[in-house]
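Asks: Structure: start11.cif, mmCIF, C-alpha atoms and all ligand atoms.
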data_my_file
loop_
_atom_site.label_atom_id
_atom_site.label_comp_id
_atom_site.auth_asym_id
_atom_site.auth_seq_id
_atom_site.Cartn_x
_atom_site.Cartn_y
_atom_site.Cartn_z
CA MET A 1 110.16 85.72 119.17
CA SER A 2 106.83 87.46 118.65
CA ASP A 3 104.28 85.03 117.19
CA MET A 4 102.91 87.74 114.91
CA ALA A 5 104.72 88.50 111.68
CA ILE A 6 105.31 92.23 111.40
CA GLN A 7 103.58 92.24 108.00
CA ASP A 8 100.49 90.60 109.52
CA SER A 9 99.96 93.79 111.53
CA TYR A 10 99.62 95.82 108.31
CA PRO A 11 96.09 97.13 107.87
CA PRO A 12 94.41 96.29 104.55
CA GLU A 13 95.29 99.64 102.94
CA PHE A 14 99.02 98.94 103.50
CA ALA A 15 98.90 95.24 102.63
CA HIS A 16 99.38 95.36 98.84
CA CYS A 17 103.19 95.16 98.63
CA PHE A 18 104.34 92.57 96.09
CA GLY A 19 107.18 91.48 98.34
CA CYS A 20 105.43 91.25 101.68
CA GLY A 21 101.81 92.37 101.57
CA PRO A 22 99.43 89.75 102.99
CA GLY A 23 96.74 91.20 100.73
CA ASN A 24 98.61 90.70 97.43
CA PRO A 25 97.55 87.32 96.02
CA HIS A 26 100.46 87.30 93.53
CA GLY A 27 103.20 88.40 95.94
CA HIS A 28 105.94 86.70 97.92
CA HIS A 29 104.32 87.16 101.34
CA LEU A 30 107.62 87.66 103.14
CA LYS A 31 107.17 87.33 106.91
CA SER A 32 109.48 89.18 109.28
CA TYR A 33 109.64 88.67 113.04
CA LEU A 34 111.12 90.62 115.91
CA LEU A 35 113.53 88.39 117.81
CA GLY A 36 115.12 90.16 120.75
CA TYR A 37 117.09 93.08 119.37
CA GLU A 38 117.04 91.91 115.78
CA THR A 39 114.55 90.91 113.15
CA ILE A 40 114.51 87.78 111.05
CA ALA A 41 112.80 86.55 107.90
CA ARG A 42 113.18 83.24 106.09
CA PHE A 43 112.47 82.83 102.40
CA THR A 44 113.20 80.25 99.71
CA PRO A 45 113.07 81.86 96.25
CA ASP A 46 111.41 79.86 93.54
CA LEU A 47 113.85 78.41 90.98
CA LYS A 48 112.64 80.92 88.37
CA TYR A 49 114.47 83.72 90.26
CA SER A 50 117.84 82.72 88.86
CA GLY A 51 120.61 85.16 88.16
CA GLY A 52 123.15 84.98 85.35
CA VAL A 53 123.91 81.37 86.15
CA PRO A 54 121.08 78.94 86.90
CA ASP A 55 122.02 78.07 90.47
CA HIS A 56 122.45 81.63 91.76
CA VAL A 57 119.72 83.99 92.99
CA TYR A 58 118.88 87.06 90.91
CA GLY A 59 120.19 90.23 92.58
CA GLY A 60 116.86 91.99 92.33
CA MET A 61 115.30 89.27 94.47
CA ILE A 62 117.97 89.81 97.10
CA ALA A 63 117.35 93.56 97.10
CA SER A 64 113.60 92.92 97.25
CA LEU A 65 113.95 90.76 100.36
CA MET A 66 116.03 93.47 102.02
CA ASP A 67 113.57 96.17 100.92
CA CYS A 68 110.62 94.47 102.58
CA HIS A 69 112.47 93.12 105.59
CA GLY A 70 114.12 96.48 106.23
CA THR A 71 110.91 98.50 106.30
CA ALA A 72 109.20 95.90 108.48
CA SER A 73 112.21 95.98 110.81
CA ALA A 74 112.08 99.77 111.02
CA ALA A 75 108.42 99.56 112.02
CA ALA A 76 109.11 96.93 114.67
CA PHE A 77 111.95 98.99 116.16
CA ALA A 78 109.76 102.11 116.20
CA TYR A 79 106.93 100.25 117.96
CA ARG A 80 109.38 99.17 120.62
CA LYS A 81 110.83 102.66 121.02
CA ASP A 82 107.31 104.11 121.35
CA GLY A 83 106.38 101.45 123.92
CA ARG A 84 103.66 100.09 121.68
CA THR A 85 102.60 96.62 120.54
CA MET A 86 102.03 95.79 116.89
CA GLY A 87 98.36 95.44 116.07
CA ASP A 88 97.34 97.46 119.13
CA GLY A 89 94.38 98.97 117.29
CA ARG A 90 95.90 102.44 117.12
CA ARG A 91 97.11 104.01 113.87
CA PRO A 92 99.81 101.67 112.57
CA ILE A 93 103.44 102.74 112.30
CA ARG A 94 104.60 102.32 108.72
CA PHE A 95 107.89 103.03 106.97
CA VAL A 96 108.89 103.21 103.31
CA THR A 97 112.34 102.83 101.83
CA ALA A 98 114.13 106.08 101.02
CA SER A 99 117.46 104.46 100.19
CA LEU A 100 118.87 100.95 100.14
CA ARG A 101 122.51 100.10 99.52
CA VAL A 102 123.19 96.43 98.83
CA GLU A 103 126.59 94.79 98.69
CA PHE A 104 126.64 91.41 96.98
CA LYS A 105 129.45 89.62 98.80
CA LYS A 106 129.10 86.08 97.47
CA PRO A 107 126.90 84.34 94.91
CA THR A 108 123.62 83.43 96.64
CA PRO A 109 122.66 79.79 96.05
CA LEU A 110 119.23 79.11 94.58
CA GLY A 111 117.09 76.28 95.93
CA CYS A 112 117.76 76.77 99.61
CA GLU A 113 116.33 78.84 102.43
CA LEU A 114 117.72 82.36 102.79
CA VAL A 115 117.74 84.11 106.15
CA VAL A 116 117.54 87.90 106.31
CA LYS A 117 118.36 89.67 109.55
CA GLY A 118 117.97 93.30 110.51
CA GLN A 119 119.45 95.39 113.28
CA LEU A 120 118.69 98.95 114.20
CA LEU A 121 121.57 101.33 113.63
CA SER A 122 119.77 104.56 114.51
CA LEU A 123 116.25 105.90 114.95
CA GLN A 124 115.92 109.68 114.86
CA GLY A 125 112.56 111.30 114.32
CA ARG A 126 111.04 109.80 111.17
CA LYS A 127 114.34 108.29 110.01
CA ALA A 128 115.46 104.75 110.75
CA TRP A 129 118.77 103.29 109.59
CA VAL A 130 118.72 99.51 109.45
CA ASP A 131 121.64 97.13 108.97
CA LEU A 132 120.74 94.06 106.89
CA LYS A 133 122.38 90.71 106.27
CA LEU A 134 121.25 87.90 103.99
CA ALA A 135 122.73 84.45 104.51
CA ALA A 136 122.47 80.97 103.04
CA GLY A 137 123.44 78.57 105.77
CA ASP A 138 126.56 79.94 107.47
CA GLN A 139 127.52 82.08 104.48
CA VAL A 140 126.62 85.77 104.45
CA CYS A 141 125.97 86.43 100.77
CA ALA A 142 124.81 90.06 100.88
CA THR A 143 124.78 92.96 103.28
CA GLY A 144 122.72 96.10 103.13
CA GLU A 145 121.98 99.41 104.77
CA MET A 146 118.59 101.04 104.54
CA LEU A 147 117.26 104.47 105.35
CA ALA A 148 113.55 104.06 106.01
CA ILE A 149 111.22 107.00 106.52
CA ARG A 150 108.19 106.82 108.78
CA LEU A 151 104.98 107.88 107.09
CA PRO A 152 103.54 110.89 108.89
CA ASP A 153 100.30 110.59 110.82
CA PRO A 154 97.45 112.35 109.06
CA VAL A 155 96.61 115.80 110.39
CA GLU A 156 93.40 115.65 112.45
CA SER A 157 90.70 117.93 111.03
C1 LIG A 201 102.92 102.58 102.32
C2 LIG A 201 102.81 101.28 103.03
C3 LIG A 201 104.09 100.62 103.32
C4 LIG A 201 103.92 99.17 103.63
C5 LIG A 201 105.23 98.47 103.85
C6 LIG A 201 105.77 97.83 102.62
C7 LIG A 201 106.99 98.54 102.13
C8 LIG A 201 107.88 97.66 101.32
C9 LIG A 201 109.15 98.39 100.95
C10 LIG A 201 108.95 99.26 99.75
O1 LIG A 201 108.99 98.80 98.64
S1 LIG A 201 108.70 100.93 99.97
C11 LIG A 201 108.51 101.49 98.25
C12 LIG A 201 109.74 102.19 97.76
N1 LIG A 201 109.85 103.48 98.37
C13 LIG A 201 109.11 104.54 97.98
O2 LIG A 201 108.29 104.44 97.11
C14 LIG A 201 109.33 105.84 98.71
C15 LIG A 201 109.25 107.01 97.74
N2 LIG A 201 109.62 108.26 98.42
C16 LIG A 201 108.72 108.93 99.17
O3 LIG A 201 107.54 108.57 99.27
C17 LIG A 201 109.20 110.10 99.92
O4 LIG A 201 110.38 110.59 99.32
C18 LIG A 201 109.46 109.80 101.43
C19 LIG A 201 108.17 109.32 102.10
C20 LIG A 201 110.58 108.73 101.61
C21 LIG A 201 109.94 111.07 102.12
O5 LIG A 201 109.05 112.11 101.76
P1 LIG A 201 108.42 113.09 102.85
O6 LIG A 201 107.89 114.26 102.09
O7 LIG A 201 107.48 112.35 103.72
O8 LIG A 201 109.63 113.52 103.76
P2 LIG A 201 110.84 114.51 103.46
O9 LIG A 201 111.18 114.60 102.01
O10 LIG A 201 110.56 115.77 104.21
O11 LIG A 201 112.05 113.73 104.16
C22 LIG A 201 112.00 113.45 105.55
C23 LIG A 201 113.45 113.35 106.01
O12 LIG A 201 114.05 112.21 105.34
C24 LIG A 201 115.17 112.64 104.55
N3 LIG A 201 115.17 111.87 103.30
C25 LIG A 201 114.12 111.60 102.52
N4 LIG A 201 114.49 110.86 101.47
C26 LIG A 201 115.82 110.66 101.60
C27 LIG A 201 116.79 109.94 100.85
N5 LIG A 201 116.46 109.29 99.74
N6 LIG A 201 118.06 109.93 101.31
C28 LIG A 201 118.40 110.58 102.45
N7 LIG A 201 117.51 111.26 103.22
C29 LIG A 201 116.26 111.30 102.78
C30 LIG A 201 114.90 114.12 104.28
O13 LIG A 201 116.12 114.81 103.99
C31 LIG A 201 114.30 114.56 105.60
O14 LIG A 201 115.31 114.69 106.57
P3 LIG A 201 115.23 115.82 107.72
O15 LIG A 201 113.98 115.49 108.53
O16 LIG A 201 116.49 115.64 108.50
O17 LIG A 201 115.14 117.13 107.00
#
I need this file expressed as structure tokens, please.
Replies:
Amino acid sequence: MSDMAIQDSYPPEFAHCFGCGPGNPHGHHLKSYLLGYETIARFTPDLKYSGGVPDHVYGGMIASLMDCHGTASAAAFAYRKDGRTMGDGRRPIRFVTASLRVEFKKPTPLGCELVVKGQLLSLQGRKAWVDLKLAAGDQVCATGEMLAIRLPDPVES
């Protein structure tokens, strides 16, 4: 596993995300890592992120974790495809979410660590499709599929 969290390679101007930006003092600071051919993030939601019943995680939190982990995953997969290393000093590769479909398979327990994993489905031009799974222990509680779009490089003047 790379020692560097994908989000820690974000330059300051891209580091404000509430879910994962290192530069947002109020945010969740999600950290995603490239591990072989998949990505992984671990996060324990605070007890205030309860859903309809007190011991289940709010669905928006689950979608938020997939949102941030999915775009970070897309970036990591694109770095690898381009033969680059994150934080290499060149213009960073960044993706934003164009669409995210989440399927809530089981209630997600609150008060324990959640593990989000991402796998690349396809990378074509600026478009990356990422498969996502969120689990509590051995139980997959939610699955997702993201289309992430790579931000274009600025035109040199
Ligand atoms: C910025 C720093 C990021 C740091 C990382 C933290 C991110 C954390 C995760 C997030 O919360 S991201 C925030 C939520 N997402 C957004 O705010 C994105 C809002 N949408 C946009 O900014 C633009 O629509 C977008 C950049 C996604 C695309 O606009 P562009 O003008 O750059 O591209 P264009 O519209 O030409 O689309 C490029 C391709 O993607 C396709 N596409 C775009 N949106 C799509 C969509 N929603 N569904 C399907 N396909 C889509 C589009 O058809 C086209 O396909 P082709 O190349 O084959 O023609």
Asks: Would you list the contacts of region 13-28 of chain A as a list in words, taking every protein, DNA or RNA residue within 9 Å and counting all atoms listed in the file, but skipping same-chain residues closer than 5 positions in sequence?
Replies: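 Listed by chain and then number, they are Gln7, Asp8, Phe43, Pro45, Ser64, Leu65, Asp67, Cys68, His69 and Arg94 of chain A.
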Asks: Using only C-alpha atoms, please write the residues we just selected to a file, as an mmCIF file, in the frame of the given file.
Replies:
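Ended up saving to part36.cif:
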data_model
loop_
_atom_site.group_PDB
_atom_site.id
_atom_site.type_symbol
_atom_site.label_atom_id
_atom_site.label_comp_id
_atom_site.auth_asym_id
_atom_site.auth_seq_id
_atom_site.Cartn_x
_atom_site.Cartn_y
_atom_site.Cartn_z
ATOM 1 C CA GLN A 7 103.580 92.240 108.000
ATOM 2 C CA ASP A 8 100.490 90.600 109.520
ATOM 3 C CA PHE A 43 112.470 82.830 102.400
ATOM 4 C CA PRO A 45 113.070 81.860 96.250
ATOM 5 C CA SER A 64 113.600 92.920 97.250
ATOM 6 C CA LEU A 65 113.950 90.760 100.360
ATOM 7 C CA ASP A 67 113.570 96.170 100.920
ATOM 8 C CA CYS A 68 110.620 94.470 102.580
ATOM 9 C CA HIS A 69 112.470 93.120 105.590
ATOM 10 C CA ARG A 94 104.600 102.320 108.720
#
Asks: The residues within 7 Å of (116.4, 98.6, 104.1), using all atoms listed in the file and the coordinates of the file, should be reported as JSON, numbers by chain; which are they?
Replies: {"A": [66, 67, 69, 70, 71, 97, 100, 130, 132, 144, 145, 146, 147, 148]}
Asks: In terms of the shortest atom-to-atom distance over only C-alpha atoms and all ligand atoms, which of A:Gly137, A:Pro152, A:Pro109, A:Gly59 is closest to ligand LIG 201 (chain A)?
Replies: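 Under the stated criterion, the closest residue is A:Pro152.
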Asks: Which of these, A:Met86, A:Val102, A:Ala74, A:Ile93, has the shortest distance to Leu120 (chain A) once you count only C-alpha atoms?
Replies: A:Ala74
Asks: For ligand LIG 201 (chain A), which residue among A:Leu134, A:Val115, A:Leu123, A:Ala98 is the nearest when counting only C-alpha atoms and all ligand atoms?
Replies: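 Answer, going by the shortest atom-to-atom distance: A:Ala98.
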Asks: Put a box with edges along x, y and z around all the listed atoms of ligand LIG 201 (chain A), pad it by 5 Å on each side, then give me its centre and sizes in Å, one decimal, as JSON.
Replies:
{"center_x": 110.6, "center_y": 107.4, "center_z": 102.8, "size_x": 25.6, "size_y": 29.5, "size_z": 21.4}
Asks: Fewer than 4 positions away in the same chain doesn't count, so skip those; otherwise give me all residues within 12 Å of Pro107 (chain A), counting all atoms listed in the file, as a ChimeraX atom specification.
Replies: /A:50-59,62,103,134-136,139-142
Asks: Rank A:Gly36, A:Gly118, A:Pro92, A:Gly111 by their smallest atom-to-atom distance to ligand LIG 201 (chain A), using all atoms listed in the file, and report the top residue only.
Replies: A:Pro92
Asks: Could you check which of A:Ala63, A:Leu47, A:Met4, A:Val116 is closest to Arg101 (chain A), using all atoms listed in the file?
Replies: A:Ala63
Asks: Go through A:Phe104, A:Trp129, A:Tyr10, A:Tyr33 one by one, measure the shortest atom-to-atom distance of each to ligand LIG 201 (chain A) using all atoms listed in the file, and give the residue with the smallest value.
Replies: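 Looking only at the distances to ligand LIG 201 (chain A), the closest residue turns out to be A:Tyr10.
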Asks: Any idea what the distance is between CA of Leu151 (chain A) and CA of Gly60 (chain A)?
Replies: 24.7 Å
Asks: Kindly give the distance, in Å, that separates CA of Ser99 (chain A) and CA of Ile149 (chain A), rounded to a single decimal.
Replies: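 Straight-line distance from CA of Ser99 (chain A) to CA of Ile149 (chain A) works out to 9.2 Å.
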Asks: Kindly give the distance, in Å, that separates atom N3 of ligand LIG 201 (chain A) and CA of Arg84 (chain A), rounded to a single decimal.
Replies: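 Separation between atom N3 of ligand LIG 201 (chain A) and CA of Arg84 (chain A): 24.7 Å.
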